[in-house]
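J.: For reference, the file query-v5.pdb (PDB, C-alpha atoms) is included below:
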ATOM      1  CA  ALA Q   1     -47.697 -23.004  16.538
ATOM      2  CA  ALA Q   2     -47.889 -25.440  19.453
ATOM      3  CA  GLN Q   3     -44.789 -23.902  21.026
ATOM      4  CA  ILE Q   4     -46.260 -20.406  20.728
ATOM      5  CA  LEU Q   5     -49.537 -21.489  22.332
ATOM      6  CA  LYS Q   6     -47.597 -23.227  25.081
ATOM      7  CA  MET Q   7     -46.069 -19.866  25.998
ATOM      8  CA  VAL Q   8     -49.071 -17.642  25.259
ATOM      9  CA  ILE Q   9     -51.828 -19.484  27.160
ATOM     10  CA  PRO Q  10     -50.091 -19.423  30.593
ATOM     11  CA  SER Q  11     -49.189 -15.749  30.038
ATOM     12  CA  CYS Q  12     -52.821 -14.922  29.220
ATOM     13  CA  ILE Q  13     -54.032 -16.691  32.362
ATOM     14  CA  GLN Q  14     -51.363 -14.940  34.423
ATOM     15  CA  ASN Q  15     -52.387 -11.519  33.087
ATOM     16  CA  CYS Q  16     -56.092 -12.217  33.663
ATOM     17  CA  THR Q  17     -55.804 -13.205  37.334
ATOM     18  CA  PRO Q  18     -55.245  -9.661  38.719
ATOM     19  CA  ALA Q  19     -58.351  -8.457  36.858
ATOM     20  CA  ILE Q  20     -60.453 -11.305  38.238
ATOM     21  CA  SER Q  21     -59.176 -10.635  41.750
ATOM     22  CA  SER Q  22     -59.858  -6.905  41.380
ATOM     23  CA  MET Q  23     -63.410  -7.627  40.209
ATOM     24  CA  VAL Q  24     -64.087  -9.697  43.337
ATOM     25  CA  MET Q  25     -62.650  -6.930  45.514
ATOM     26  CA  VAL Q  26     -64.997  -4.397  43.916
ATOM     27  CA  ILE Q  27     -67.951  -6.688  44.669
ATOM     28  CA  LEU Q  28     -66.839  -6.925  48.305
ATOM     29  CA  VAL Q  29     -66.342  -3.173  48.658
ATOM     30  CA  ASN Q  30     -69.767  -2.438  47.168
ATOM     31  CA  GLN Q  31     -71.381  -3.566  50.427
ATOM     32  CA  PHE Q  32     -70.019  -0.416  52.125
ATOM     33  CA  ASP Q  33     -71.108   3.204  51.817
ATOM     34  CA  VAL Q  34     -70.381   5.560  48.923
ATOM     35  CA  THR Q  35     -67.405   7.151  50.722
ATOM     36  CA  THR Q  36     -65.686   3.793  51.156
ATOM     37  CA  ILE Q  37     -66.384   2.782  47.560
ATOM     38  CA  ALA Q  38     -64.898   6.072  46.344
ATOM     39  CA  ALA Q  39     -61.845   5.584  48.573
ATOM     40  CA  TYR Q  40     -61.233   2.109  47.171
ATOM     41  CA  GLY Q  41     -61.369   3.528  43.648
ATOM     42  CA  VAL Q  42     -58.805   6.174  44.576
ATOM     43  CA  VAL Q  43     -56.498   3.567  46.129
ATOM     44  CA  LYS Q  44     -56.639   1.503  42.923
ATOM     45  CA  ASN Q  45     -55.737   4.585  40.865
ATOM     46  CA  ILE Q  46     -52.815   5.414  43.146
ATOM     47  CA  GLU Q  47     -51.664   1.794  43.029
ATOM     48  CA  ASN Q  48     -51.224   2.110  39.273
ATOM     49  CA  ILE Q  49     -48.472   4.642  39.944
ATOM     50  CA  LEU Q  50     -46.743   2.115  42.207
ATOM     51  CA  PHE Q  51     -47.300  -0.885  39.934
ATOM     52  CA  TYR Q  52     -45.895   0.481  36.677
ATOM     53  CA  PRO Q  53     -42.204   0.479  37.733
ATOM     54  CA  ALA Q  54     -42.503  -3.185  38.739
ATOM     55  CA  MET Q  55     -44.257  -4.080  35.494
ATOM     56  CA  ALA Q  56     -41.597  -2.236  33.486
ATOM     57  CA  MET Q  57     -38.832  -4.016  35.386
ATOM     58  CA  ASN Q  58     -40.567  -7.343  34.756
ATOM     59  CA  MET Q  59     -40.769  -6.795  30.977
ATOM     60  CA  ALA Q  60     -37.186  -5.546  30.716
ATOM     61  CA  LEU Q  61     -35.802  -8.415  32.776
ATOM     62  CA  ILE Q  62     -37.714 -11.075  30.812
ATOM     63  CA  THR Q  63     -36.015  -9.853  27.637
ATOM     64  CA  ILE Q  64     -32.542  -9.725  29.210
ATOM     65  CA  ILE Q  65     -32.869 -13.074  30.992
ATOM     66  CA  GLY Q  66     -34.219 -14.707  27.822
ATOM     67  CA  GLN Q  67     -31.183 -13.581  25.828
ATOM     68  CA  LEU Q  68     -28.715 -14.647  28.517
ATOM     69  CA  TYR Q  69     -30.458 -17.991  29.002
ATOM     70  CA  GLY Q  70     -30.275 -18.667  25.276
ATOM     71  CA  ALA Q  71     -26.562 -17.777  25.316
ATOM     72  CA  LYS Q  72     -26.054 -20.014  28.407
ATOM     73  CA  CYS Q  73     -24.673 -17.064  30.411
ATOM     74  CA  TYR Q  74     -26.164 -18.299  33.689
ATOM     75  CA  ASP Q  75     -23.871 -16.322  35.981
ATOM     76  CA  LYS Q  76     -24.848 -13.084  34.250
ATOM     77  CA  MET Q  77     -28.503 -13.986  34.770
ATOM     78  CA  LYS Q  78     -27.914 -13.980  38.523
ATOM     79  CA  ASP Q  79     -26.034 -10.685  38.305
ATOM     80  CA  TYR Q  80     -28.851  -8.981  36.397
ATOM     81  CA  ARG Q  81     -31.469 -10.325  38.785
ATOM     82  CA  LYS Q  82     -29.447  -9.012  41.743
ATOM     83  CA  VAL Q  83     -29.100  -5.578  40.137
ATOM     84  CA  ALA Q  84     -32.804  -5.559  39.272
ATOM     85  CA  LEU Q  85     -33.743  -6.385  42.863
ATOM     86  CA  THR Q  86     -31.436  -3.707  44.280
ATOM     87  CA  TYR Q  87     -32.541  -0.876  41.997
ATOM     88  CA  GLY Q  88     -36.124  -2.052  41.697
ATOM     89  CA  ILE Q  89     -36.767  -2.184  45.422
ATOM     90  CA  LEU Q  90     -34.930   1.118  45.919
ATOM     91  CA  ILE Q  91     -37.064   2.847  43.279
ATOM     92  CA  GLU Q  92     -40.236   1.298  44.675
ATOM     93  CA  ALA Q  93     -39.296   2.262  48.247
ATOM     94  CA  VAL Q  94     -38.741   5.902  47.279
ATOM     95  CA  LEU Q  95     -41.948   6.043  45.247
ATOM     96  CA  THR Q  96     -43.973   4.316  47.973
ATOM     97  CA  GLY Q  97     -42.540   6.654  50.593
ATOM     98  CA  ILE Q  98     -43.572   9.708  48.565
ATOM     99  CA  VAL Q  99     -47.062   8.300  47.983
ATOM    100  CA  LEU Q 100     -47.535   7.472  51.671
ATOM    101  CA  LEU Q 101     -46.235  10.875  52.730
ATOM    102  CA  PHE Q 102     -48.586  12.747  50.400
ATOM    103  CA  SER Q 103     -51.423  10.214  50.254
ATOM    104  CA  ARG Q 104     -54.029  12.661  51.521
ATOM    105  CA  GLN Q 105     -53.065  15.332  49.002
ATOM    106  CA  ILE Q 106     -53.011  12.795  46.151
ATOM    107  CA  SER Q 107     -56.399  11.475  47.233
ATOM    108  CA  MET Q 108     -57.870  14.990  47.269
ATOM    109  CA  ALA Q 109     -56.755  15.392  43.646
ATOM    110  CA  PHE Q 110     -59.123  12.549  42.738
ATOM    111  CA  VAL Q 111     -61.980  13.202  45.178
ATOM    112  CA  ARG Q 112     -62.136  16.415  47.199
ATOM    113  CA  GLU Q 113     -63.535  14.786  50.302
ATOM    114  CA  PRO Q 114     -61.551  14.565  53.601
ATOM    115  CA  ALA Q 115     -63.378  11.375  54.675
ATOM    116  CA  VAL Q 116     -62.238   9.645  51.472
ATOM    117  CA  ALA Q 117     -58.678  10.896  51.982
ATOM    118  CA  ASP Q 118     -58.673   9.439  55.516
ATOM    119  CA  ILE Q 119     -59.640   5.975  54.246
ATOM    120  CA  VAL Q 120     -57.144   6.154  51.375
ATOM    121  CA  SER Q 121     -54.273   7.215  53.632
ATOM    122  CA  HIS Q 122     -55.068   4.497  56.170
ATOM    123  CA  GLY Q 123     -55.399   1.789  53.522
ATOM    124  CA  LEU Q 124     -52.137   2.665  51.778
ATOM    125  CA  LEU Q 125     -50.346   2.710  55.123
ATOM    126  CA  ILE Q 126     -51.483  -0.872  55.820
ATOM    127  CA  ILE Q 127     -50.545  -2.167  52.363
ATOM    128  CA  GLY Q 128     -47.336  -0.042  52.198
ATOM    129  CA  VAL Q 129     -44.502  -2.571  52.285
ATOM    130  CA  GLY Q 130     -46.541  -4.813  50.009
ATOM    131  CA  TYR Q 131     -45.621  -2.648  47.037
ATOM    132  CA  LEU Q 132     -41.944  -3.445  47.587
ATOM    133  CA  CYS Q 133     -42.906  -7.111  47.657
ATOM    134  CA  TYR Q 134     -44.783  -6.618  44.390
ATOM    135  CA  MET Q 135     -41.587  -5.366  42.783
ATOM    136  CA  ALA Q 136     -39.587  -8.334  44.111
ATOM    137  CA  THR Q 137     -42.212 -10.846  42.962
ATOM    138  CA  ASN Q 138     -42.223  -9.352  39.466
ATOM    139  CA  ILE Q 139     -38.456  -9.691  39.297
ATOM    140  CA  PHE Q 140     -38.489 -13.323  40.422
ATOM    141  CA  THR Q 141     -41.277 -14.251  38.007
ATOM    142  CA  ALA Q 142     -39.456 -12.405  35.211
ATOM    143  CA  LYS Q 143     -36.533 -14.774  35.651
ATOM    144  CA  MET Q 144     -38.902 -17.749  35.488
ATOM    145  CA  ALA Q 145     -40.597 -16.461  32.341
ATOM    146  CA  GLY Q 146     -37.263 -15.541  30.754
ATOM    147  CA  THR Q 147     -36.005 -19.095  31.209
ATOM    148  CA  GLY Q 148     -39.161 -20.558  29.700
ATOM    149  CA  LYS Q 149     -40.849 -21.483  32.988
ATOM    150  CA  VAL Q 150     -44.042 -19.576  32.173
ATOM    151  CA  ASN Q 151     -46.237 -22.242  33.782
ATOM    152  CA  LEU Q 152     -44.452 -21.738  37.092
ATOM    153  CA  SER Q 153     -44.832 -17.973  36.847
ATOM    154  CA  MET Q 154     -48.535 -18.429  36.066
ATOM    155  CA  VAL Q 155     -49.087 -20.692  39.074
ATOM    156  CA  ILE Q 156     -47.453 -18.193  41.431
ATOM    157  CA  MET Q 157     -49.607 -15.336  40.143
ATOM    158  CA  PHE Q 158     -52.759 -17.487  40.350
ATOM    159  CA  ILE Q 159     -52.003 -18.409  43.968
ATOM    160  CA  TYR Q 160     -51.055 -14.773  44.612
ATOM    161  CA  TYR Q 161     -54.321 -13.222  43.465
ATOM    162  CA  ILE Q 162     -56.921 -15.985  43.545
ATOM    163  CA  VAL Q 163     -55.953 -18.624  46.100
ATOM    164  CA  ILE Q 164     -54.644 -16.274  48.813
ATOM    165  CA  ARG Q 165     -56.059 -12.775  48.298
ATOM    166  CA  VAL Q 166     -59.683 -13.496  47.383
ATOM    167  CA  PRO Q 167     -60.618 -16.026  50.123
ATOM    168  CA  LEU Q 168     -58.705 -14.093  52.777
ATOM    169  CA  ALA Q 169     -60.434 -10.847  51.807
ATOM    170  CA  ILE Q 170     -63.855 -12.527  51.868
ATOM    171  CA  VAL Q 171     -63.244 -13.868  55.382
ATOM    172  CA  LEU Q 172     -61.581 -10.777  56.884
ATOM    173  CA  ILE Q 173     -63.907  -8.184  55.372
ATOM    174  CA  ARG Q 174     -66.833  -9.946  57.104
ATOM    175  CA  SER Q 175     -65.044  -9.879  60.440
ATOM    176  CA  SER Q 176     -64.793  -6.971  62.866
ATOM    177  CA  LEU Q 177     -61.908  -5.668  60.731
ATOM    178  CA  GLN Q 178     -64.304  -4.824  57.892
ATOM    179  CA  LEU Q 179     -62.481  -2.768  55.224
ATOM    180  CA  ASP Q 180     -59.172  -3.131  57.071
ATOM    181  CA  GLY Q 181     -59.572  -6.861  56.505
ATOM    182  CA  MET Q 182     -59.322  -6.325  52.769
ATOM    183  CA  TRP Q 183     -56.224  -4.131  53.089
ATOM    184  CA  ILE Q 184     -54.650  -6.838  55.280
ATOM    185  CA  ALA Q 185     -55.582  -9.536  52.746
ATOM    186  CA  ILE Q 186     -53.881  -7.546  49.980
ATOM    187  CA  LEU Q 187     -50.750  -7.081  52.102
ATOM    188  CA  ALA Q 188     -50.700 -10.779  53.065
ATOM    189  CA  SER Q 189     -50.958 -11.849  49.415
ATOM    190  CA  HIS Q 190     -48.000  -9.596  48.503
ATOM    191  CA  LEU Q 191     -45.863 -11.013  51.317
ATOM    192  CA  ILE Q 192     -46.729 -14.676  50.697
ATOM    193  CA  ALA Q 193     -46.268 -14.389  46.916
ATOM    194  CA  THR Q 194     -42.818 -12.868  47.355
ATOM    195  CA  LEU Q 195     -41.806 -15.605  49.775
ATOM    196  CA  MET Q 196     -43.060 -18.289  47.373
ATOM    197  CA  ALA Q 197     -41.263 -16.744  44.393
ATOM    198  CA  TYR Q 198     -38.045 -16.388  46.398
ATOM    199  CA  ILE Q 199     -38.096 -20.016  47.549
ATOM    200  CA  ILE Q 200     -38.791 -21.303  44.040
ATOM    201  CA  ASP Q 201     -36.107 -19.049  42.562
ATOM    202  CA  LYS Q 202     -33.521 -20.474  44.960
ATOM    203  CA  LYS Q 203     -34.211 -24.077  43.906
TER     204      LYS Q 203
END
Starting from the file, give its structure as structure tokens.
T.:
Amino acid sequence: AAQILKMVIPSCIQNCTPAISSMVMVILVNQFDVTTIAAYGVVKNIENILFYPAMAMNMALITIIGQLYGAKCYDKMKDYRKVALTYGILIEAVLTGIVLLFSRQISMAFVREPAVADIVSHGLLIIGVGYLCYMATNIFTAKMAGTGKVNLSMVIMFIYYIVIRVPLAIVLIRSSLQLDGMWIAILASHLIATLMAYIIDKK
């Protein structure tokens, strides 16, 4: 029972941090007008399309890495992680490219308002490359979780969403950047989290 809790509690905390971060972002966005609030909601819906491949890759890789780690096939672990990074980033790049190319049309499917579509398109363009980073981070943390280092994976995700994204968004959104400050904060958190996960993975 103790061993199960040792694995479950960090995973629960890790899975809760994006929701907490998202809640804070909603509070920040609520200071703007209705058009901006609607645009943020559309961006979050579109992001789900871009997040699911990374989440699926994460779950699949945790299972594979866990089996290989238990069998002490460490070289194969590296091979699978390399393949996951190659195909994962390729899939995410194609999907992100399509979303960015048709962001206005996708936005209009949610809210038929050109002003909302303008904000959505601009915001996604700023975050853009961050979705590729999200895929990479999920792959690195999958290896950590698969080898039993769930605490390390939890810490990275906590820093990712709470330590970096939230304070940076609070500061930048109150600057002259306004809403762009939040998009930049989201992008920065993606980039920094990927760099952290990469460095830790190489140790």
J.: In Å, how far is it from CA of Asp201 (chain Q) to CA of Tyr161 (chain Q)?
T.: 19.1 Å
J.: Between CA of Thr86 (chain Q) and CA of Ala60 (chain Q), measure the distance and give it in Å to one decimal.
T.: 14.8 Å
J.: Rank nothing, just name the residue among Q:Lys149, Q:Lys82, Q:His190, Q:Lys6 nearest to Tyr131 (chain Q), using only C-alpha atoms.
T.: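 Using only C-alpha atoms, Tyr131 (chain Q) sits closest to Q:His190.
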J.: Could you pull the residues within 6 Å of region 141-143 of chain Q, counting all atoms listed in the file, minus those fewer than 3 positions along the same chain, as a ChimeraX atom specification?
T.: /Q:58,61-62,138,146,153
J.: Tell me which of Q:Pro18, Q:Pro10, Q:Gly130, Q:Gly41 sits closest to Val163 (chain Q), counting all atoms listed in the file.
T.: Q:Pro18
J.: List the spatial neighbours of Ile98 (chain Q) as a list in words - criterion: any atom at most 12 Å away, only C-alpha atoms, same-chain residues fewer than 5 positions off excluded.
T.: Ile46, Ile49, Leu50, Ile91, Glu92, Ala93, Ser103, Arg104, Gln105, Ile106, Leu124, Leu125 and Gly128 of chain Q
J.: Go ahead and dump the residues you just picked, C-alpha atoms, as an mmCIF file, in the coordinates of the input.
T.:
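Final output, saved to part_24.cif:
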data_model
loop_
_atom_site.group_PDB
_atom_site.id
_atom_site.type_symbol
_atom_site.label_atom_id
_atom_site.label_comp_id
_atom_site.auth_asym_id
_atom_site.auth_seq_id
_atom_site.Cartn_x
_atom_site.Cartn_y
_atom_site.Cartn_z
ATOM 1 C CA ILE Q 46 -52.815 5.414 43.146
ATOM 2 C CA ILE Q 49 -48.472 4.642 39.944
ATOM 3 C CA LEU Q 50 -46.743 2.115 42.207
ATOM 4 C CA ILE Q 91 -37.064 2.847 43.279
ATOM 5 C CA GLU Q 92 -40.236 1.298 44.675
ATOM 6 C CA ALA Q 93 -39.296 2.262 48.247
ATOM 7 C CA SER Q 103 -51.423 10.214 50.254
ATOM 8 C CA ARG Q 104 -54.029 12.661 51.521
ATOM 9 C CA GLN Q 105 -53.065 15.332 49.002
ATOM 10 C CA ILE Q 106 -53.011 12.795 46.151
ATOM 11 C CA LEU Q 124 -52.137 2.665 51.778
ATOM 12 C CA LEU Q 125 -50.346 2.710 55.123
ATOM 13 C CA GLY Q 128 -47.336 -0.042 52.198
#
J.: For a test of reading the model, state the distance in Å between CA of Ile184 (chain Q) and CA of Leu172 (chain Q), rounded to one decimal.
T.: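 Computed distance, CA of Ile184 (chain Q) to CA of Leu172 (chain Q), equals 8.1 Å.
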J.: Let me make sure I understand: among Q:Tyr134, Q:Trp183, Q:Tyr198, Q:Tyr74, which one has the smallest atom-to-atom distance to Val120 (chain Q) if we use only C-alpha atoms?
T.: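 Answer, going by the shortest atom-to-atom distance: Q:Trp183.
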J.: Looking at Q:Leu101, Q:Ile127, Q:Leu28, Q:Ile139, which one is nearest to Met57 (chain Q), with distances taken over all atoms listed in the file?
T.: Q:Ile139
J.: Pick out the closest residue to Ile199 (chain Q) from this set: Q:Ile156, Q:Met7, Q:Leu132, Q:Ile13. Count all atoms listed in the file.
T.: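 Between Q:Ile156, Q:Met7, Q:Leu132, Q:Ile13, the residue approaching Ile199 (chain Q) most closely is Q:Ile156.
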J.: Which residue gives the smallest distance to Val111 (chain Q) among Q:Gln3, Q:Thr17, Q:Thr194, Q:Thr35, with only C-alpha atoms counted?
T.: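 So, comparing all the options, the nearest one is Q:Thr35.
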J.: How big is the axis-aligned box around all listed atoms of region 94-105 of chain Q once 4 Å goes on each side, and where's its centre, in Å to one decimal, as JSON?
T.:
{"center_x": -46.4, "center_y": 9.8, "center_z": 49.0, "size_x": 23.3, "size_y": 19.0, "size_z": 15.5}
J.: Every residue with an atom at most 12 Å from (-64.9, -7.5, 42.8) (file coordinates; all atoms listed in the file) is what I'm after, so could you write them as JSON, numbers by chain?
T.: {"Q": [18, 19, 20, 21, 22, 23, 24, 25, 26, 27, 28, 29, 30, 31, 37, 40, 41, 162, 165, 166, 169, 170, 182]}
J.: Quick one: apply the PyMOL selection byres ((chain Q and resi 68) around 12) to the file and drop the selected residues here as a PyMOL selection string.
T.: chain Q and resi 61-67+69-81+143+146-147
J.: For the PyMOL selection byres ((chain Q and resi 115) around 12), applied here, can you spell out every residue it catches as a list in words?
T.: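 With the shown file as input, the PyMOL selection byres ((chain Q and resi 115) around 12) matches Asp33, Val34, Thr35, Thr36, Ile37, Ala38, Ala39, Arg104, Ser107, Met108, Val111, Arg112, Glu113, Pro114, Val116, Ala117, Asp118, Ile119, Val120, Ser121 and His122 of chain Q.
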